[in-house]
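Inspection log for the structure reproduced underneath, given as structure tokens.
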Amino acid sequence: MARDTTAQLAVWNEYLWSVGDQGDPYALILRAPDDPYPLYEEVRARGPLHRSALGTWVTADHKLSSKVLRDRRFGVRQLSGEKAIESIEFDNSMLGVDPPDHGRLRKLAIPAINPGQMESWRPRIETYTEELVEKFLAAGGRANFMTAFAQQLPNYVISELLGIPDRHRPAAFRLTRRMARMIESEPTPQLVEDVTGSVAELYLMFEDIIALRRADPGDDLVTQLLPALDEGRLSKAELVALCAFLTLGGVETTVNLIGNATLLMLEHPDQFEMFKGDPGLAPAVIQETLRFETPTQQYRRIVQEDLELAGQVLPADSQVAICAGAANRDPEVYPDPGRFDITRPPGRELLSFSLGIHFCLGAALARLEGEVALAAVARRLPNLRRIGPIRRRKSYVIRGMLQFPVAA
Ligand code: HEM
């Protein structure tokens, strides 16, 4: 890693720490505490939009967040094209680019991740989930739920979607786990180097998979995008970036949806009982988990031109942090927001999958995976209990666990 990047990171981390020590709620959120919710309330108390001492504009307001996400004057890149130093992104993936490139990439990927066709995945997801339960029970029914169950299903689904051959799957799994650390709160030089190395390894793997699919086509995303590649509508770098992005964005998020929903069931035994008695509640369990413990807690937008927002003047290139985990608990939108309630009537749209042009392309698939996984927990593991302390991932972006010891 370059010496100046190491120095920049050290300066950034020290600055973040000192601003937090002065009580700035956003700086404290970036330290990724186990319970960020009181800090979100501090952000909310400062009005719909406030400027952190770090320079970032922050919102916990549902209405304002929705407006920003749908407003084309906000993008994902700085005007110079540069990225913020504390983030490492997949530059060429659709989430890393603004129009017009964004529209081109999204349109190309839609047929392969078609939300309308997701139900056709159900049998495969159900079969694999059953296998996972059988394996878990056969091994004695005591394990870290995250590694034994929650991490397995989304990895399997993305491998199938992308057409990752069996021999590459263990490496893809390992690299995804390593890359997932990129969203940790304090990126050390060692971490950045490790993540950069994993991304590079994954890129090489997908170059290999593209060649393989050309020789032996399947019904996967890579095969479906080969004509666009050959006709010049998509560059190889963009295809590789999409695949690499999906192995993280389509996995780490869904892993934690499944983990969070299961923990919430164990913490609310009355609602778990209700669910066991009525498996048709699976979509409601997932919907309320997406609201109450939003797997992707935060994302950002960059102001593309000088503008006024919520009575404040924001110059071009300002950053706006959308705290989705807070907006999903906005009392103006969800009554009694701090109460987990699977019988809550459907309210306004959640911000868990973003809104506007970057609305998550895999939302339907993620919901399906979550519903099948939780239905299996209720039906096959009705006496599941926690047998030790949980350990949360140290991230302000992802809300989830690393350790969740359970017994069946
Ligand atoms: C619970 C699971 C998931 C959550 C919470 C989630 C959340 C999100 C969020 C918040 C964004 C937009 C971020 C922003 O606006 O800056 C996004 C984008 C995206 N997600 Fe997901 N995601 C999940 C699962 C998936 C899955 C399973 C896939 C694919 C199979 C997927 C594919 C994508 C893609 C391609 C984008 C980029 C869309 C664009 O830029 O137009 N996601 N996701």
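Residue numbers start at 1 in each chain; chains themselves are named A, B, ... in the order of the structure tokens; ligands are numbered from 1 in the order shown.
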
Could the residues of chain A that have an atom at most 7 Å from ligand 1 be listed as a tab-separated table, each with its closest atom pair and the distance in Å to one decimal, counting only C-alpha atoms and all ligand atoms and ordered by chain and ascending residue number?
residue	atom	partner	partner_atom_place_in_ligand_line	distance
A:Met94	CA	ligand 1	40 (O)	4.5
A:Leu95	CA	ligand 1	40 (O)	3.5
A:His102	CA	ligand 1	41 (O)	6.7
A:Arg106	CA	ligand 1	41 (O)	5.6
A:Ile113	CA	ligand 1	30 (C)	6.2
A:Ile158	CA	ligand 1	30 (C)	6.4
A:Leu246	CA	ligand 1	29 (C)	5.8
A:Gly249	CA	ligand 1	42 (N)	5.4
A:Gly250	CA	ligand 1	26 (C)	3.4
A:Val251	CA	ligand 1	27 (C)	6.2
A:Thr253	CA	ligand 1	2 (C)	4.3
A:Thr254	CA	ligand 1	2 (C)	3.9
A:Leu257	CA	ligand 1	1 (C)	5.1
A:Thr294	CA	ligand 1	5 (C)	6.7
A:Pro295	CA	ligand 1	5 (C)	5.0
A:Thr296	CA	ligand 1	5 (C)	5.0
A:Tyr299	CA	ligand 1	16 (O)	5.0
A:Arg300	CA	ligand 1	16 (O)	6.0
A:Ser352	CA	ligand 1	5 (C)	5.4
A:Phe353	CA	ligand 1	10 (C)	4.0
A:Ser354	CA	ligand 1	10 (C)	4.4
A:Leu355	CA	ligand 1	15 (O)	6.5
A:Ile357	CA	ligand 1	41 (O)	5.6
A:His358	CA	ligand 1	41 (O)	3.5
A:Phe359	CA	ligand 1	12 (C)	5.4
A:Cys360	CA	ligand 1	18 (C)	3.6
A:Leu361	CA	ligand 1	33 (C)	4.5
A:Gly362	CA	ligand 1	28 (C)	3.4
A:Ala363	CA	ligand 1	24 (C)	5.5
A:Leu365	CA	ligand 1	27 (C)	5.4
A:Ala366	CA	ligand 1	27 (C)	4.5
A:Arg367	CA	ligand 1	1 (C)	6.7

Given the selection you just returned, output its residues as a file containing N, CA, C and O atoms, formatted as a tab-separated table (two decimals), in the first residue's frame.
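Output file selection.tsv is given in full below:
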chain	number	residue	atom	x	y	z
A	94	MET	N	-22.59	-0.87	-11.31
A	94	MET	CA	-23.65	0.12	-11.55
A	94	MET	C	-23.89	1.01	-10.33
A	94	MET	O	-24.30	2.15	-10.45
A	95	LEU	N	-23.58	0.49	-9.13
A	95	LEU	CA	-23.77	1.29	-7.93
A	95	LEU	C	-22.68	2.34	-7.78
A	95	LEU	O	-22.83	3.30	-7.04
A	102	HIS	N	-24.85	4.50	-15.70
A	102	HIS	CA	-25.67	3.71	-14.79
A	102	HIS	C	-26.83	3.04	-15.52
A	102	HIS	O	-27.07	1.84	-15.37
A	106	ARG	N	-27.47	-0.96	-15.85
A	106	ARG	CA	-28.64	-1.53	-15.16
A	106	ARG	C	-29.54	-2.26	-16.16
A	106	ARG	O	-30.02	-3.35	-15.91
A	113	ILE	N	-31.24	-10.57	-13.59
A	113	ILE	CA	-31.68	-10.51	-12.18
A	113	ILE	C	-33.13	-10.02	-12.18
A	113	ILE	O	-33.50	-9.15	-11.41
A	158	ILE	N	-25.97	-16.67	-5.09
A	158	ILE	CA	-25.17	-15.82	-5.99
A	158	ILE	C	-24.28	-16.67	-6.88
A	158	ILE	O	-24.11	-16.37	-8.07
A	246	LEU	N	-21.68	-8.14	-7.01
A	246	LEU	CA	-22.78	-9.02	-6.57
A	246	LEU	C	-22.33	-10.03	-5.52
A	246	LEU	O	-23.11	-10.40	-4.64
A	249	GLY	N	-22.41	-7.38	-2.53
A	249	GLY	CA	-23.68	-6.68	-2.33
A	249	GLY	C	-24.88	-7.60	-2.28
A	249	GLY	O	-25.90	-7.28	-1.66
A	250	GLY	N	-24.79	-8.73	-2.96
A	250	GLY	CA	-25.93	-9.65	-2.97
A	250	GLY	C	-25.83	-10.69	-1.86
A	250	GLY	O	-26.77	-11.45	-1.63
A	251	VAL	N	-24.67	-10.74	-1.19
A	251	VAL	CA	-24.46	-11.79	-0.19
A	251	VAL	C	-24.47	-11.23	1.24
A	251	VAL	O	-25.31	-11.59	2.05
A	253	THR	N	-25.42	-8.58	2.61
A	253	THR	CA	-26.70	-7.99	3.00
A	253	THR	C	-27.72	-9.07	3.37
A	253	THR	O	-28.35	-9.02	4.42
A	254	THR	N	-27.84	-10.08	2.51
A	254	THR	CA	-28.85	-11.12	2.71
A	254	THR	C	-28.49	-12.01	3.90
A	254	THR	O	-29.36	-12.46	4.64
A	257	LEU	N	-29.75	-10.20	6.80
A	257	LEU	CA	-31.21	-10.22	6.88
A	257	LEU	C	-31.66	-11.51	7.56
A	257	LEU	O	-32.49	-11.51	8.48
A	294	THR	N	-32.41	-2.88	9.84
A	294	THR	CA	-32.07	-2.72	8.43
A	294	THR	C	-30.65	-3.23	8.14
A	294	THR	O	-29.69	-2.72	8.73
A	295	PRO	N	-30.50	-4.23	7.27
A	295	PRO	CA	-29.15	-4.78	7.05
A	295	PRO	C	-28.17	-3.74	6.49
A	295	PRO	O	-27.01	-3.72	6.87
A	296	THR	N	-28.63	-2.88	5.56
A	296	THR	CA	-27.76	-1.82	5.05
A	296	THR	C	-28.20	-0.53	5.72
A	296	THR	O	-29.19	0.08	5.34
A	299	TYR	N	-26.20	4.70	3.35
A	299	TYR	CA	-25.51	4.92	2.07
A	299	TYR	C	-25.43	6.41	1.82
A	299	TYR	O	-26.05	7.20	2.54
A	300	ARG	N	-24.66	6.81	0.79
A	300	ARG	CA	-24.38	8.24	0.62
A	300	ARG	C	-24.69	8.73	-0.78
A	300	ARG	O	-24.70	7.95	-1.73
A	352	SER	N	-34.79	0.34	3.10
A	352	SER	CA	-33.80	-0.75	3.23
A	352	SER	C	-33.13	-1.09	1.91
A	352	SER	O	-31.97	-1.53	1.89
A	353	PHE	N	-33.85	-0.95	0.81
A	353	PHE	CA	-33.29	-1.28	-0.51
A	353	PHE	C	-33.03	-0.02	-1.33
A	353	PHE	O	-32.91	-0.09	-2.56
A	354	SER	N	-32.98	1.15	-0.65
A	354	SER	CA	-32.80	2.43	-1.33
A	354	SER	C	-34.05	2.75	-2.16
A	354	SER	O	-35.04	1.99	-2.15
A	355	LEU	N	-34.00	3.85	-2.88
A	355	LEU	CA	-35.10	4.27	-3.76
A	355	LEU	C	-34.47	4.96	-4.96
A	355	LEU	O	-33.28	5.27	-4.94
A	357	ILE	N	-33.04	5.64	-8.79
A	357	ILE	CA	-32.41	4.86	-9.87
A	357	ILE	C	-31.54	3.72	-9.36
A	357	ILE	O	-31.31	2.76	-10.07
A	358	HIS	N	-31.04	3.82	-8.12
A	358	HIS	CA	-30.18	2.74	-7.60
A	358	HIS	C	-30.96	1.73	-6.76
A	358	HIS	O	-30.34	0.91	-6.05
A	359	PHE	N	-32.31	1.77	-6.82
A	359	PHE	CA	-33.10	0.82	-6.03
A	359	PHE	C	-32.58	-0.60	-6.27
A	359	PHE	O	-32.36	-1.02	-7.41
A	360	CYS	N	-32.38	-1.32	-5.18
A	360	CYS	CA	-31.73	-2.63	-5.24
A	360	CYS	C	-32.38	-3.56	-6.28
A	360	CYS	O	-33.57	-3.85	-6.21
A	361	LEU	N	-31.56	-4.02	-7.18
A	361	LEU	CA	-32.04	-4.90	-8.24
A	361	LEU	C	-32.35	-6.30	-7.71
A	361	LEU	O	-33.09	-7.06	-8.31
A	362	GLY	N	-31.77	-6.64	-6.56
A	362	GLY	CA	-31.96	-7.98	-6.01
A	362	GLY	C	-32.97	-8.03	-4.86
A	362	GLY	O	-33.04	-9.04	-4.16
A	363	ALA	N	-33.76	-6.96	-4.70
A	363	ALA	CA	-34.66	-6.90	-3.54
A	363	ALA	C	-35.62	-8.10	-3.50
A	363	ALA	O	-35.82	-8.70	-2.43
A	365	LEU	N	-35.25	-11.07	-4.83
A	365	LEU	CA	-34.51	-12.30	-4.54
A	365	LEU	C	-34.13	-12.35	-3.05
A	365	LEU	O	-34.24	-13.40	-2.40
A	366	ALA	N	-33.70	-11.21	-2.51
A	366	ALA	CA	-33.32	-11.16	-1.09
A	366	ALA	C	-34.51	-11.49	-0.20
A	366	ALA	O	-34.40	-12.24	0.77
A	367	ARG	N	-35.68	-10.92	-0.54
A	367	ARG	CA	-36.88	-11.21	0.25
A	367	ARG	C	-37.21	-12.70	0.18
A	367	ARG	O	-37.55	-13.33	1.17

Contacts of stretch 6-125 of chain A with stretch 179-189 of chain A up to 6 Å, shortest pair per row, only C-alpha atoms, as a tab-separated table:
residue	atom	partner	partner_atom	distance
A:Thr6	CA	A:Pro189	CA	5.5
A:Arg31	CA	A:Ser185	CA	5.6
A:Ala32	CA	A:Ser185	CA	5.8

Nearest residue to A:Met274 from the set A:Val255, A:Ile342, A:Val222, A:Ala261 (distances using only C-alpha atoms): A:Ile342

Selected residue, from A:Glu238, A:Asp330, A:Asp166, A:Glu305, that lies nearest to A:Ser318 when counting only C-alpha atoms: A:Glu305

So that I can check the surroundings of A:Gln298, please list as an mmCIF file with N, CA and C atoms, in the first residue's frame every protein, DNA and RNA residue that reaches within 12 Å of it, counting only C-alpha atoms and ignoring chain neighbours fewer than 2 positions away.
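Contents of result24.cif, freshly written:
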data_model
loop_
_atom_site.group_PDB
_atom_site.id
_atom_site.type_symbol
_atom_site.label_atom_id
_atom_site.label_comp_id
_atom_site.auth_asym_id
_atom_site.auth_seq_id
_atom_site.Cartn_x
_atom_site.Cartn_y
_atom_site.Cartn_z
ATOM 1 N N TYR A 26 -22.806 11.959 14.359
ATOM 2 C CA TYR A 26 -22.466 11.207 13.153
ATOM 3 C C TYR A 26 -21.081 10.561 13.282
ATOM 4 N N ILE A 29 -21.537 7.567 15.225
ATOM 5 C CA ILE A 29 -22.160 6.494 14.425
ATOM 6 C C ILE A 29 -21.079 5.784 13.596
ATOM 7 N N LEU A 30 -20.159 6.581 13.044
ATOM 8 C CA LEU A 30 -19.100 5.990 12.207
ATOM 9 C C LEU A 30 -18.155 5.093 13.004
ATOM 10 N N ALA A 32 -19.226 2.802 14.721
ATOM 11 C CA ALA A 32 -19.957 1.528 14.692
ATOM 12 C C ALA A 32 -20.217 0.936 16.077
ATOM 13 N N PRO A 36 -26.581 1.651 17.582
ATOM 14 C CA PRO A 36 -26.501 3.008 16.993
ATOM 15 C C PRO A 36 -27.801 3.806 17.173
ATOM 16 N N TYR A 40 -28.896 7.790 16.350
ATOM 17 C CA TYR A 40 -29.804 8.206 15.271
ATOM 18 C C TYR A 40 -30.832 9.209 15.811
ATOM 19 N N VAL A 58 -26.108 15.003 7.195
ATOM 20 C CA VAL A 58 -26.670 13.739 7.671
ATOM 21 C C VAL A 58 -28.176 13.859 7.825
ATOM 22 N N THR A 59 -28.899 12.824 7.422
ATOM 23 C CA THR A 59 -30.342 12.817 7.640
ATOM 24 C C THR A 59 -30.825 11.472 8.173
ATOM 25 N N ALA A 60 -31.796 11.571 9.102
ATOM 26 C CA ALA A 60 -32.479 10.388 9.639
ATOM 27 C C ALA A 60 -33.954 10.473 9.268
ATOM 28 N N SER A 65 -34.951 11.821 3.039
ATOM 29 C CA SER A 65 -34.118 10.776 2.409
ATOM 30 C C SER A 65 -34.743 10.335 1.088
ATOM 31 N N ILE A 183 -16.296 -2.969 4.908
ATOM 32 C CA ILE A 183 -17.241 -2.002 5.441
ATOM 33 C C ILE A 183 -17.072 -1.867 6.959
ATOM 34 N N GLU A 293 -34.280 -3.818 11.902
ATOM 35 C CA GLU A 293 -32.824 -4.033 11.922
ATOM 36 C C GLU A 293 -32.335 -4.034 10.474
ATOM 37 N N THR A 294 -32.409 -2.880 9.843
ATOM 38 C CA THR A 294 -32.073 -2.717 8.428
ATOM 39 C C THR A 294 -30.654 -3.226 8.140
ATOM 40 N N PRO A 295 -30.498 -4.229 7.272
ATOM 41 C CA PRO A 295 -29.151 -4.780 7.050
ATOM 42 C C PRO A 295 -28.173 -3.741 6.489
ATOM 43 N N THR A 296 -28.627 -2.884 5.561
ATOM 44 C CA THR A 296 -27.760 -1.819 5.050
ATOM 45 C C THR A 296 -28.203 -0.528 5.725
ATOM 46 N N ARG A 300 -24.660 6.808 0.791
ATOM 47 C CA ARG A 300 -24.380 8.240 0.625
ATOM 48 C C ARG A 300 -24.688 8.733 -0.782
ATOM 49 N N ARG A 301 -24.902 10.009 -0.870
ATOM 50 C CA ARG A 301 -25.039 10.656 -2.164
ATOM 51 C C ARG A 301 -24.133 11.882 -2.204
ATOM 52 N N VAL A 320 -23.969 13.625 1.339
ATOM 53 C CA VAL A 320 -25.154 13.465 2.188
ATOM 54 C C VAL A 320 -25.222 12.005 2.625
ATOM 55 N N ALA A 321 -25.247 11.773 3.937
ATOM 56 C CA ALA A 321 -25.368 10.402 4.446
ATOM 57 C C ALA A 321 -26.835 10.128 4.756
ATOM 58 N N ILE A 322 -27.372 9.119 4.083
ATOM 59 C CA ILE A 322 -28.752 8.711 4.316
ATOM 60 C C ILE A 322 -28.706 7.596 5.358
ATOM 61 N N CYS A 323 -29.220 7.848 6.542
ATOM 62 C CA CYS A 323 -29.218 6.808 7.578
ATOM 63 C C CYS A 323 -30.514 6.006 7.449
ATOM 64 N N ALA A 324 -30.472 4.990 6.581
ATOM 65 C CA ALA A 324 -31.684 4.215 6.297
ATOM 66 C C ALA A 324 -32.197 3.521 7.559
ATOM 67 N N GLY A 325 -31.265 3.050 8.393
ATOM 68 C CA GLY A 325 -31.658 2.372 9.632
ATOM 69 C C GLY A 325 -32.403 3.300 10.570
ATOM 70 N N ALA A 326 -32.159 4.601 10.434
ATOM 71 C CA ALA A 326 -32.855 5.596 11.253
ATOM 72 C C ALA A 326 -34.158 6.024 10.578
ATOM 73 N N ALA A 327 -34.108 6.225 9.252
ATOM 74 C CA ALA A 327 -35.311 6.644 8.524
ATOM 75 C C ALA A 327 -36.399 5.578 8.629
ATOM 76 N N ASN A 328 -35.986 4.317 8.729
ATOM 77 C CA ASN A 328 -36.961 3.225 8.879
ATOM 78 C C ASN A 328 -37.569 3.202 10.281
ATOM 79 N N LEU A 351 -36.722 2.150 3.385
ATOM 80 C CA LEU A 351 -35.529 2.608 2.680
ATOM 81 C C LEU A 351 -34.435 1.537 2.673
ATOM 82 N N SER A 352 -34.788 0.338 3.102
ATOM 83 C CA SER A 352 -33.800 -0.747 3.232
ATOM 84 C C SER A 352 -33.126 -1.093 1.912
ATOM 85 N N PHE A 353 -33.849 -0.952 0.808
ATOM 86 C CA PHE A 353 -33.285 -1.282 -0.508
ATOM 87 C C PHE A 353 -33.027 -0.021 -1.334
ATOM 88 N N SER A 354 -32.976 1.150 -0.654
ATOM 89 C CA SER A 354 -32.802 2.429 -1.327
ATOM 90 C C SER A 354 -34.052 2.753 -2.164
ATOM 91 N N SER A 395 -19.353 -2.473 11.992
ATOM 92 C CA SER A 395 -19.572 -1.723 10.762
ATOM 93 C C SER A 395 -20.717 -0.741 10.945
ATOM 94 N N TYR A 396 -20.583 0.453 10.380
ATOM 95 C CA TYR A 396 -21.718 1.386 10.424
ATOM 96 C C TYR A 396 -22.597 1.222 9.188
ATOM 97 N N VAL A 397 -22.154 0.437 8.233
ATOM 98 C CA VAL A 397 -22.944 0.214 7.018
ATOM 99 C C VAL A 397 -23.826 -1.016 7.181
ATOM 100 N N ILE A 398 -23.222 -2.110 7.612
ATOM 101 C CA ILE A 398 -23.943 -3.379 7.699
ATOM 102 C C ILE A 398 -24.343 -3.656 9.142
ATOM 103 N N ARG A 399 -25.608 -3.960 9.357
ATOM 104 C CA ARG A 399 -26.073 -4.341 10.688
ATOM 105 C C ARG A 399 -26.185 -5.858 10.702
#

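The gap separating atom CA of A:Arg392 from atom CA of A:Leu191 is 17.9 Å, in Å to one decimal.
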
Nearest candidate to A:Ile286 (options A:Thr343, A:Gln312, A:Gln403, A:Thr196; using only C-alpha atoms): A:Thr343

Nearest candidate to A:Gln319 (options A:Arg122, A:Arg70, A:Arg77, A:Arg44; using only C-alpha atoms):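 Closest candidate: A:Arg77.
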
Test item: residues at most 12 Å from A:Arg385, only C-alpha atoms, excluding those fewer than 4 positions along its chain, as JSON, numbers by chain: {"A": [141, 142, 143, 144, 145, 262, 263, 264, 265, 266, 267, 268, 269, 272, 377, 378, 381, 389, 404, 405, 406, 407, 408]}

Generate the output file for the selected residues, C-alpha atoms, as a PDB file, in the first residue's frame.
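Saved result, result06.pdb, follows:
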ATOM      1  CA  GLY A 141     -27.637 -28.968  16.160  1.00  0.00           C
ATOM      2  CA  ARG A 142     -25.203 -26.653  17.945  1.00  0.00           C
ATOM      3  CA  ALA A 143     -23.322 -24.074  15.902  1.00  0.00           C
ATOM      4  CA  ASN A 144     -22.675 -20.474  15.063  1.00  0.00           C
ATOM      5  CA  PHE A 145     -25.888 -19.765  13.156  1.00  0.00           C
ATOM      6  CA  THR A 262     -33.709 -15.217  13.342  1.00  0.00           C
ATOM      7  CA  LEU A 263     -32.309 -13.318  16.344  1.00  0.00           C
ATOM      8  CA  LEU A 264     -35.454 -11.153  16.458  1.00  0.00           C
ATOM      9  CA  MET A 265     -37.599 -14.287  16.500  1.00  0.00           C
ATOM     10  CA  LEU A 266     -35.645 -15.656  19.476  1.00  0.00           C
ATOM     11  CA  GLU A 267     -35.867 -12.296  21.255  1.00  0.00           C
ATOM     12  CA  HIS A 268     -39.652 -12.083  20.713  1.00  0.00           C
ATOM     13  CA  PRO A 269     -40.932 -15.570  21.623  1.00  0.00           C
ATOM     14  CA  PHE A 272     -42.033 -16.582  17.032  1.00  0.00           C
ATOM     15  CA  VAL A 377     -36.277 -22.041  10.970  1.00  0.00           C
ATOM     16  CA  ALA A 378     -39.907 -21.963  12.173  1.00  0.00           C
ATOM     17  CA  LEU A 381     -35.937 -25.631  14.200  1.00  0.00           C
ATOM     18  CA  PRO A 389     -23.310 -14.049  23.584  1.00  0.00           C
ATOM     19  CA  PHE A 404     -24.647 -16.121  16.975  1.00  0.00           C
ATOM     20  CA  PRO A 405     -24.287 -19.390  18.918  1.00  0.00           C
ATOM     21  CA  VAL A 406     -27.462 -21.478  18.856  1.00  0.00           C
ATOM     22  CA  ALA A 407     -28.772 -24.936  19.720  1.00  0.00           C
ATOM     23  CA  ALA A 408     -31.705 -26.618  18.009  1.00  0.00           C
TER      24      ALA A 408
END

Which of stretch 198-314 of chain A fall in alpha helix (DSSP H), as JSON, numbers by chain: {"A": [198, 199, 200, 201, 202, 203, 204, 205, 206, 207, 208, 209, 210, 211, 212, 213, 214, 215, 221, 222, 223, 224, 225, 226, 227, 228, 229, 230, 236, 237, 238, 239, 240, 241, 242, 243, 244, 245, 246, 247, 248, 249, 252, 253, 254, 255, 256, 257, 258, 259, 260, 261, 262, 263, 264, 265, 266, 267, 269, 270, 271, 272, 273, 274, 275, 276, 277, 282, 283, 284, 285, 286, 287, 288, 289, 290, 291, 292]}

Proximity to A:Ala376 - best of A:Phe74, A:Tyr203, A:Trp121, A:Tyr128, only C-alpha atoms: A:Tyr128

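The closest residue to A:Gly356, picked from A:Lys67, A:Arg379, A:Arg51, A:His62 and counting only C-alpha atoms, is A:Lys67.
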